[in-house]
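Chemist: Take this structure first; my questions come after.
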Amino acid sequence: MTLPSEPPLHKLQFYVTTPYQCGYLPNKLAQSLIATPHHLVDTNVYSGLIQQGFRRSGKFVYRPHCENCNACIAVRVVLKDFVPSRSQKRAFKQHADLSARILPLGYHPDHFELYASYQAARHAEPENFNADKDEAEQYRQFLCMSNVESLMVEFRDTENQLKIVSVVDVVRDGVSAVYTFYDTSDCKSSYGTYSIMWQIEWTKNLDLPYLYLGYWIAASEKMAYKQLFKPQEKLIDGEWI
């Protein structure tokens with residue numbers, strides 16, 4: 001088992017979860033390597049962990065650790081060389097009228113309402129989705145809690161209607177795109193592409209070199225969009241290539 005060895009990280013302990021159903025590949029079991037204790041994973045420590053392929057979900061910091069599978073590959077966009085494609089430029093221009101507001105991490109009822117609608121449309125059977133108190137608590141734990149430098153970015157249209165919410169982490173060498181959800185009712189929108197384009201520009205303005213996009217899986221259609229933002233580096237056998 002390869003574990004981080006930098007001085008700020010040596011106080012951490014790591015454990016492997018029991019197998020669970022993979023959320024990306026059908027008929028596959030997954031396992032994760034979890035960094036503990038959570039309270040020691042501050043922004044400085046997480047900056048070292050993300051360079052070694054870890055990600056954050058709420059206060060949990062993890063990376064895939066599957067015994068017979070290495071399909072999950074951490075990717076990051078190299079911003080100094082990034083050149084947007086024609087469609088990416090079009091998406092950025094299409095939604096140029098949206099206003100961005102950067103907020104501290106926290107629970108906002110209209111954010112959760114948009115999140116619930118997004119989940120029902122994209123990740124659940126609508127008739128089985130119920131945005132009840134349990135779902136609201138899961139949302140709080142997933143996106144409203146963090147031990148690192150995390151922010152929410154909300155995007156509203158000219159009528160002040162909430163259209164996109166992105167959760168991001170700021171680390172030493174870049175910004176990590178944690179999760180984005182948006183209004184799916186407008187089939188002509190390109191909110192997903194626009195949010196990444198905005199994060200790229202924002203990260204450049206912070207004078208940071210990378211936008212971390214999480215894991216890419218070649219066999220997962222849900223992950224295909226990540227490969228459209230080039231050039232990018234992949235973490236292969238502990239080396240960013």
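As shown in the structure tokens, the chain order sets the letters A, B, ...; within each chain, residues go from 1, and ligands are also counted from 1 in the order they appear.
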If you run DSSP on this backbone, which residues of stretch 13-144 of chain A come out as strand (DSSP E or B), and could you give them as a ChimeraX atom specification?
Modeler: /A:13-16,20-21,29-30,32-36,55-57,60-64,73-78,99-104
Chemist: Give me, as JSON lines, each residue of stretch 123-202 of chain A that comes within 12 Å of stretch 63-86 of chain A, together with its shortest interatomic pair and the distance in Å at one decimal, counting only C-alpha atoms, with rows ordered by chain and rising residue number.
Modeler:
{"residue": "A:Asp173", "atom": "CA", "partner": "A:Arg76", "partner_atom": "CA", "distance": 10.8}
{"residue": "A:Gly174", "atom": "CA", "partner": "A:Arg76", "partner_atom": "CA", "distance": 9.2}
{"residue": "A:Val175", "atom": "CA", "partner": "A:Arg76", "partner_atom": "CA", "distance": 9.5}
{"residue": "A:Ser176", "atom": "CA", "partner": "A:Arg76", "partner_atom": "CA", "distance": 8.6}
{"residue": "A:Ala177", "atom": "CA", "partner": "A:Arg76", "partner_atom": "CA", "distance": 9.8}
{"residue": "A:Thr193", "atom": "CA", "partner": "A:Pro84", "partner_atom": "CA", "distance": 10.7}
{"residue": "A:Tyr194", "atom": "CA", "partner": "A:Pro84", "partner_atom": "CA", "distance": 11.3}
{"residue": "A:Ile196", "atom": "CA", "partner": "A:Val77", "partner_atom": "CA", "distance": 10.4}
{"residue": "A:Met197", "atom": "CA", "partner": "A:Pro84", "partner_atom": "CA", "distance": 8.4}
{"residue": "A:Trp198", "atom": "CA", "partner": "A:Pro84", "partner_atom": "CA", "distance": 11.7}
{"residue": "A:Gln199", "atom": "CA", "partner": "A:Leu79", "partner_atom": "CA", "distance": 10.6}
{"residue": "A:Ile200", "atom": "CA", "partner": "A:Leu79", "partner_atom": "CA", "distance": 7.0}
{"residue": "A:Glu201", "atom": "CA", "partner": "A:Leu79", "partner_atom": "CA", "distance": 8.7}
{"residue": "A:Trp202", "atom": "CA", "partner": "A:Leu79", "partner_atom": "CA", "distance": 10.7}
Chemist: In Å, with one decimal, what is the gap from atom CA of A:Ser117 to atom CA of A:Thr184?
Modeler: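 So the answer is 7.9 Å.
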Chemist: So that I can check the secondary structure, give me every residue of stretch 4-229 of chain A assigned alpha helix (DSSP H) by backbone DSSP, as a PDB file with N, CA and C atoms, in the first residue's frame.
Modeler:
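Final file, states.pdb:
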ATOM      1  N   THR A  43      -6.246  22.456   5.184  1.00  0.00           N
ATOM      2  CA  THR A  43      -5.917  22.821   3.808  1.00  0.00           C
ATOM      3  C   THR A  43      -4.492  22.433   3.445  1.00  0.00           C
ATOM      4  N   ASN A  44      -3.551  22.637   4.364  1.00  0.00           N
ATOM      5  CA  ASN A  44      -2.156  22.315   4.075  1.00  0.00           C
ATOM      6  C   ASN A  44      -1.969  20.818   3.851  1.00  0.00           C
ATOM      7  N   VAL A  45      -2.540  20.013   4.731  1.00  0.00           N
ATOM      8  CA  VAL A  45      -2.426  18.562   4.603  1.00  0.00           C
ATOM      9  C   VAL A  45      -3.139  18.078   3.347  1.00  0.00           C
ATOM     10  N   TYR A  46      -4.326  18.617   3.103  1.00  0.00           N
ATOM     11  CA  TYR A  46      -5.090  18.185   1.927  1.00  0.00           C
ATOM     12  C   TYR A  46      -4.374  18.552   0.634  1.00  0.00           C
ATOM     13  N   SER A  47      -3.642  19.661   0.640  1.00  0.00           N
ATOM     14  CA  SER A  47      -2.887  20.051  -0.551  1.00  0.00           C
ATOM     15  C   SER A  47      -1.873  18.980  -0.918  1.00  0.00           C
ATOM     16  N   GLY A  48      -1.291  18.321   0.087  1.00  0.00           N
ATOM     17  CA  GLY A  48      -0.380  17.223  -0.193  1.00  0.00           C
ATOM     18  C   GLY A  48      -1.112  15.971  -0.633  1.00  0.00           C
ATOM     19  N   LEU A  49      -2.262  15.711  -0.025  1.00  0.00           N
ATOM     20  CA  LEU A  49      -3.025  14.517  -0.364  1.00  0.00           C
ATOM     21  C   LEU A  49      -3.596  14.569  -1.777  1.00  0.00           C
ATOM     22  N   ILE A  50      -4.091  15.741  -2.190  1.00  0.00           N
ATOM     23  CA  ILE A  50      -4.713  15.819  -3.517  1.00  0.00           C
ATOM     24  C   ILE A  50      -3.679  15.600  -4.613  1.00  0.00           C
ATOM     25  N   ARG A  86     -13.886  25.191 -29.674  1.00  0.00           N
ATOM     26  CA  ARG A  86     -14.916  26.074 -30.216  1.00  0.00           C
ATOM     27  C   ARG A  86     -16.214  25.970 -29.400  1.00  0.00           C
ATOM     28  N   SER A  87     -16.594  24.744 -29.045  1.00  0.00           N
ATOM     29  CA  SER A  87     -17.833  24.557 -28.288  1.00  0.00           C
ATOM     30  C   SER A  87     -17.701  25.113 -26.867  1.00  0.00           C
ATOM     31  N   GLN A  88     -16.515  25.017 -26.275  1.00  0.00           N
ATOM     32  CA  GLN A  88     -16.303  25.569 -24.940  1.00  0.00           C
ATOM     33  C   GLN A  88     -16.368  27.090 -24.955  1.00  0.00           C
ATOM     34  N   LYS A  89     -15.801  27.690 -25.985  1.00  0.00           N
ATOM     35  CA  LYS A  89     -15.906  29.144 -26.137  1.00  0.00           C
ATOM     36  C   LYS A  89     -17.364  29.551 -26.299  1.00  0.00           C
ATOM     37  N   ARG A  90     -18.103  28.757 -27.070  1.00  0.00           N
ATOM     38  CA  ARG A  90     -19.517  29.063 -27.311  1.00  0.00           C
ATOM     39  C   ARG A  90     -20.321  28.977 -26.016  1.00  0.00           C
ATOM     40  N   ALA A  91     -20.045  27.964 -25.190  1.00  0.00           N
ATOM     41  CA  ALA A  91     -20.755  27.805 -23.918  1.00  0.00           C
ATOM     42  C   ALA A  91     -20.448  28.969 -22.978  1.00  0.00           C
ATOM     43  N   PHE A  92     -19.195  29.397 -22.966  1.00  0.00           N
ATOM     44  CA  PHE A  92     -18.800  30.505 -22.095  1.00  0.00           C
ATOM     45  C   PHE A  92     -19.489  31.793 -22.509  1.00  0.00           C
ATOM     46  N   LYS A  93     -19.595  32.001 -23.810  1.00  0.00           N
ATOM     47  CA  LYS A  93     -20.250  33.193 -24.325  1.00  0.00           C
ATOM     48  C   LYS A  93     -21.763  33.118 -24.130  1.00  0.00           C
ATOM     49  N   GLN A  94     -22.313  31.917 -24.291  1.00  0.00           N
ATOM     50  CA  GLN A  94     -23.765  31.716 -24.180  1.00  0.00           C
ATOM     51  C   GLN A  94     -24.298  32.151 -22.815  1.00  0.00           C
ATOM     52  N   PRO A 109     -31.391  27.098   1.515  1.00  0.00           N
ATOM     53  CA  PRO A 109     -32.557  26.332   1.050  1.00  0.00           C
ATOM     54  C   PRO A 109     -32.708  26.296  -0.466  1.00  0.00           C
ATOM     55  N   ASP A 110     -32.437  27.423  -1.154  1.00  0.00           N
ATOM     56  CA  ASP A 110     -32.597  27.408  -2.603  1.00  0.00           C
ATOM     57  C   ASP A 110     -31.502  26.585  -3.273  1.00  0.00           C
ATOM     58  N   HIS A 111     -30.322  26.516  -2.674  1.00  0.00           N
ATOM     59  CA  HIS A 111     -29.280  25.630  -3.198  1.00  0.00           C
ATOM     60  C   HIS A 111     -29.739  24.178  -3.110  1.00  0.00           C
ATOM     61  N   PHE A 112     -30.288  23.811  -1.946  1.00  0.00           N
ATOM     62  CA  PHE A 112     -30.721  22.433  -1.779  1.00  0.00           C
ATOM     63  C   PHE A 112     -31.866  22.092  -2.725  1.00  0.00           C
ATOM     64  N   GLU A 113     -32.766  23.024  -2.942  1.00  0.00           N
ATOM     65  CA  GLU A 113     -33.869  22.778  -3.875  1.00  0.00           C
ATOM     66  C   GLU A 113     -33.344  22.505  -5.281  1.00  0.00           C
ATOM     67  N   LEU A 114     -32.346  23.288  -5.708  1.00  0.00           N
ATOM     68  CA  LEU A 114     -31.744  23.068  -7.021  1.00  0.00           C
ATOM     69  C   LEU A 114     -31.012  21.728  -7.060  1.00  0.00           C
ATOM     70  N   TYR A 115     -30.319  21.404  -5.977  1.00  0.00           N
ATOM     71  CA  TYR A 115     -29.599  20.130  -5.876  1.00  0.00           C
ATOM     72  C   TYR A 115     -30.565  18.946  -5.993  1.00  0.00           C
ATOM     73  N   ALA A 116     -31.677  19.023  -5.256  1.00  0.00           N
ATOM     74  CA  ALA A 116     -32.660  17.939  -5.281  1.00  0.00           C
ATOM     75  C   ALA A 116     -33.238  17.750  -6.678  1.00  0.00           C
ATOM     76  N   SER A 117     -33.514  18.846  -7.367  1.00  0.00           N
ATOM     77  CA  SER A 117     -34.034  18.760  -8.732  1.00  0.00           C
ATOM     78  C   SER A 117     -32.998  18.154  -9.673  1.00  0.00           C
ATOM     79  N   TYR A 118     -31.753  18.562  -9.490  1.00  0.00           N
ATOM     80  CA  TYR A 118     -30.670  18.033 -10.324  1.00  0.00           C
ATOM     81  C   TYR A 118     -30.498  16.532 -10.114  1.00  0.00           C
ATOM     82  N   GLN A 119     -30.510  16.104  -8.849  1.00  0.00           N
ATOM     83  CA  GLN A 119     -30.363  14.685  -8.553  1.00  0.00           C
ATOM     84  C   GLN A 119     -31.517  13.876  -9.142  1.00  0.00           C
ATOM     85  N   ALA A 120     -32.725  14.393  -9.025  1.00  0.00           N
ATOM     86  CA  ALA A 120     -33.886  13.684  -9.549  1.00  0.00           C
ATOM     87  C   ALA A 120     -33.810  13.538 -11.058  1.00  0.00           C
ATOM     88  N   ALA A 121     -33.276  14.569 -11.731  1.00  0.00           N
ATOM     89  CA  ALA A 121     -33.208  14.553 -13.194  1.00  0.00           C
ATOM     90  C   ALA A 121     -32.052  13.722 -13.723  1.00  0.00           C
ATOM     91  N   ARG A 122     -30.929  13.716 -13.007  1.00  0.00           N
ATOM     92  CA  ARG A 122     -29.708  13.115 -13.547  1.00  0.00           C
ATOM     93  C   ARG A 122     -29.276  11.823 -12.885  1.00  0.00           C
ATOM     94  N   LYS A 133     -36.050  15.049   4.853  1.00  0.00           N
ATOM     95  CA  LYS A 133     -35.058  15.516   5.821  1.00  0.00           C
ATOM     96  C   LYS A 133     -33.769  14.724   5.727  1.00  0.00           C
ATOM     97  N   ASP A 134     -33.873  13.409   5.467  1.00  0.00           N
ATOM     98  CA  ASP A 134     -32.671  12.589   5.343  1.00  0.00           C
ATOM     99  C   ASP A 134     -31.845  13.048   4.157  1.00  0.00           C
ATOM    100  N   GLU A 135     -32.506  13.365   3.062  1.00  0.00           N
ATOM    101  CA  GLU A 135     -31.791  13.823   1.877  1.00  0.00           C
ATOM    102  C   GLU A 135     -31.124  15.172   2.135  1.00  0.00           C
ATOM    103  N   ALA A 136     -31.817  16.041   2.856  1.00  0.00           N
ATOM    104  CA  ALA A 136     -31.239  17.341   3.201  1.00  0.00           C
ATOM    105  C   ALA A 136     -30.016  17.171   4.092  1.00  0.00           C
ATOM    106  N   GLU A 137     -30.064  16.226   5.012  1.00  0.00           N
ATOM    107  CA  GLU A 137     -28.922  15.986   5.896  1.00  0.00           C
ATOM    108  C   GLU A 137     -27.754  15.390   5.112  1.00  0.00           C
ATOM    109  N   GLN A 138     -28.035  14.504   4.174  1.00  0.00           N
ATOM    110  CA  GLN A 138     -26.982  13.960   3.320  1.00  0.00           C
ATOM    111  C   GLN A 138     -26.332  15.074   2.512  1.00  0.00           C
ATOM    112  N   TYR A 139     -27.145  15.986   2.018  1.00  0.00           N
ATOM    113  CA  TYR A 139     -26.622  17.137   1.266  1.00  0.00           C
ATOM    114  C   TYR A 139     -25.705  17.977   2.154  1.00  0.00           C
ATOM    115  N   ARG A 140     -26.135  18.240   3.381  1.00  0.00           N
ATOM    116  CA  ARG A 140     -25.301  19.022   4.306  1.00  0.00           C
ATOM    117  C   ARG A 140     -23.945  18.352   4.520  1.00  0.00           C
ATOM    118  N   GLN A 141     -23.975  17.037   4.752  1.00  0.00           N
ATOM    119  CA  GLN A 141     -22.728  16.324   5.027  1.00  0.00           C
ATOM    120  C   GLN A 141     -21.841  16.247   3.796  1.00  0.00           C
ATOM    121  N   PHE A 142     -22.441  16.135   2.642  1.00  0.00           N
ATOM    122  CA  PHE A 142     -21.699  15.981   1.388  1.00  0.00           C
ATOM    123  C   PHE A 142     -21.084  17.298   0.925  1.00  0.00           C
ATOM    124  N   LEU A 143     -21.848  18.378   0.956  1.00  0.00           N
ATOM    125  CA  LEU A 143     -21.398  19.620   0.323  1.00  0.00           C
ATOM    126  C   LEU A 143     -21.273  20.823   1.255  1.00  0.00           C
ATOM    127  N   TYR A 191     -24.633  24.540 -18.983  1.00  0.00           N
ATOM    128  CA  TYR A 191     -24.217  24.990 -17.660  1.00  0.00           C
ATOM    129  C   TYR A 191     -22.999  24.218 -17.136  1.00  0.00           C
ATOM    130  N   GLY A 192     -22.929  22.917 -17.421  1.00  0.00           N
ATOM    131  CA  GLY A 192     -21.810  22.127 -16.942  1.00  0.00           C
ATOM    132  C   GLY A 192     -20.489  22.607 -17.521  1.00  0.00           C
ATOM    133  N   THR A 193     -20.466  22.793 -18.839  1.00  0.00           N
ATOM    134  CA  THR A 193     -19.259  23.288 -19.500  1.00  0.00           C
ATOM    135  C   THR A 193     -18.927  24.697 -19.037  1.00  0.00           C
ATOM    136  N   TYR A 194     -19.955  25.536 -18.926  1.00  0.00           N
ATOM    137  CA  TYR A 194     -19.723  26.916 -18.499  1.00  0.00           C
ATOM    138  C   TYR A 194     -19.092  26.972 -17.109  1.00  0.00           C
ATOM    139  N   SER A 195     -19.570  26.136 -16.194  1.00  0.00           N
ATOM    140  CA  SER A 195     -19.048  26.189 -14.824  1.00  0.00           C
ATOM    141  C   SER A 195     -17.570  25.830 -14.791  1.00  0.00           C
ATOM    142  N   ILE A 196     -17.144  24.853 -15.591  1.00  0.00           N
ATOM    143  CA  ILE A 196     -15.722  24.500 -15.629  1.00  0.00           C
ATOM    144  C   ILE A 196     -14.913  25.615 -16.269  1.00  0.00           C
ATOM    145  N   MET A 197     -15.433  26.210 -17.326  1.00  0.00           N
ATOM    146  CA  MET A 197     -14.739  27.328 -17.965  1.00  0.00           C
ATOM    147  C   MET A 197     -14.572  28.485 -16.978  1.00  0.00           C
ATOM    148  N   TRP A 198     -15.621  28.757 -16.196  1.00  0.00           N
ATOM    149  CA  TRP A 198     -15.522  29.827 -15.198  1.00  0.00           C
ATOM    150  C   TRP A 198     -14.462  29.490 -14.158  1.00  0.00           C
ATOM    151  N   GLN A 199     -14.442  28.237 -13.702  1.00  0.00           N
ATOM    152  CA  GLN A 199     -13.450  27.834 -12.709  1.00  0.00           C
ATOM    153  C   GLN A 199     -12.028  27.927 -13.262  1.00  0.00           C
ATOM    154  N   ILE A 200     -11.856  27.616 -14.525  1.00  0.00           N
ATOM    155  CA  ILE A 200     -10.535  27.749 -15.150  1.00  0.00           C
ATOM    156  C   ILE A 200     -10.089  29.207 -15.123  1.00  0.00           C
ATOM    157  N   GLU A 201     -10.965  30.121 -15.521  1.00  0.00           N
ATOM    158  CA  GLU A 201     -10.608  31.541 -15.535  1.00  0.00           C
ATOM    159  C   GLU A 201     -10.352  32.060 -14.123  1.00  0.00           C
ATOM    160  N   TRP A 202     -11.174  31.624 -13.188  1.00  0.00           N
ATOM    161  CA  TRP A 202     -11.015  32.073 -11.799  1.00  0.00           C
ATOM    162  C   TRP A 202      -9.701  31.581 -11.212  1.00  0.00           C
ATOM    163  N   THR A 203      -9.367  30.324 -11.485  1.00  0.00           N
ATOM    164  CA  THR A 203      -8.115  29.757 -10.981  1.00  0.00           C
ATOM    165  C   THR A 203      -6.911  30.461 -11.593  1.00  0.00           C
ATOM    166  N   LYS A 204      -7.002  30.797 -12.867  1.00  0.00           N
ATOM    167  CA  LYS A 204      -5.934  31.578 -13.503  1.00  0.00           C
ATOM    168  C   LYS A 204      -5.759  32.921 -12.800  1.00  0.00           C
ATOM    169  N   ASN A 205      -6.866  33.555 -12.457  1.00  0.00           N
ATOM    170  CA  ASN A 205      -6.797  34.853 -11.772  1.00  0.00           C
ATOM    171  C   ASN A 205      -6.175  34.728 -10.383  1.00  0.00           C
TER     172      ASN A 205
END
Chemist: I need the residue nearest A:Ala100 from this list: A:Cys144, A:Ala218, A:Leu162, A:Leu40. Use only C-alpha atoms for the distance.
Modeler: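 Ranking A:Cys144, A:Ala218, A:Leu162, A:Leu40 by distance to A:Ala100, first place goes to A:Leu162.
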Chemist: For a test of reading the model, state the distance in Å between atom CA of A:Lys230 and atom CA of A:Val148, rounded to one decimal.
Modeler: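 Here the two named atoms are 27.0 Å from each other.
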Chemist: I'd like a table as CSV: residues in stretch 133-155 of chain A with an atom no more than 12 Å from stretch 26-39 of chain A, each row giving the shortest atom pair and its distance in Å to one decimal, only C-alpha atoms counted, sorted by chain and rising residue number.
Modeler:
residue,atom,partner,partner_atom,distance
A:Met145,CA,A:His38,CA,11.5
A:Ser146,CA,A:His38,CA,9.5
A:Asn147,CA,A:His39,CA,6.7
A:Val148,CA,A:His39,CA,9.6
Chemist: Write the residues of the selection above to a file with C-alpha atoms, as an mmCIF file, in the first residue's frame.
Modeler:
data_model
loop_
_atom_site.group_PDB
_atom_site.id
_atom_site.type_symbol
_atom_site.label_atom_id
_atom_site.label_comp_id
_atom_site.auth_asym_id
_atom_site.auth_seq_id
_atom_site.Cartn_x
_atom_site.Cartn_y
_atom_site.Cartn_z
ATOM 1 C CA MET A 145 -19.089 20.496 5.612
ATOM 2 C CA SER A 146 -15.335 20.683 5.157
ATOM 3 C CA ASN A 147 -12.090 20.965 7.099
ATOM 4 C CA VAL A 148 -10.248 22.653 4.210
#
Chemist: Using only C-alpha atoms for the distances, tell me which of A:Asp42, A:Glu149, A:Asp97, A:Asp207 is nearest to A:Lys163.
Modeler: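 Selected residue with least distance to A:Lys163: A:Asp97.
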Chemist: Select, from A:Ile241, A:Arg56, A:Thr158, A:Leu103, the residue with the minimum atom-to-atom distance to A:Leu213, counting only C-alpha atoms.
Modeler: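 The closest residue to A:Leu213 is A:Arg56.
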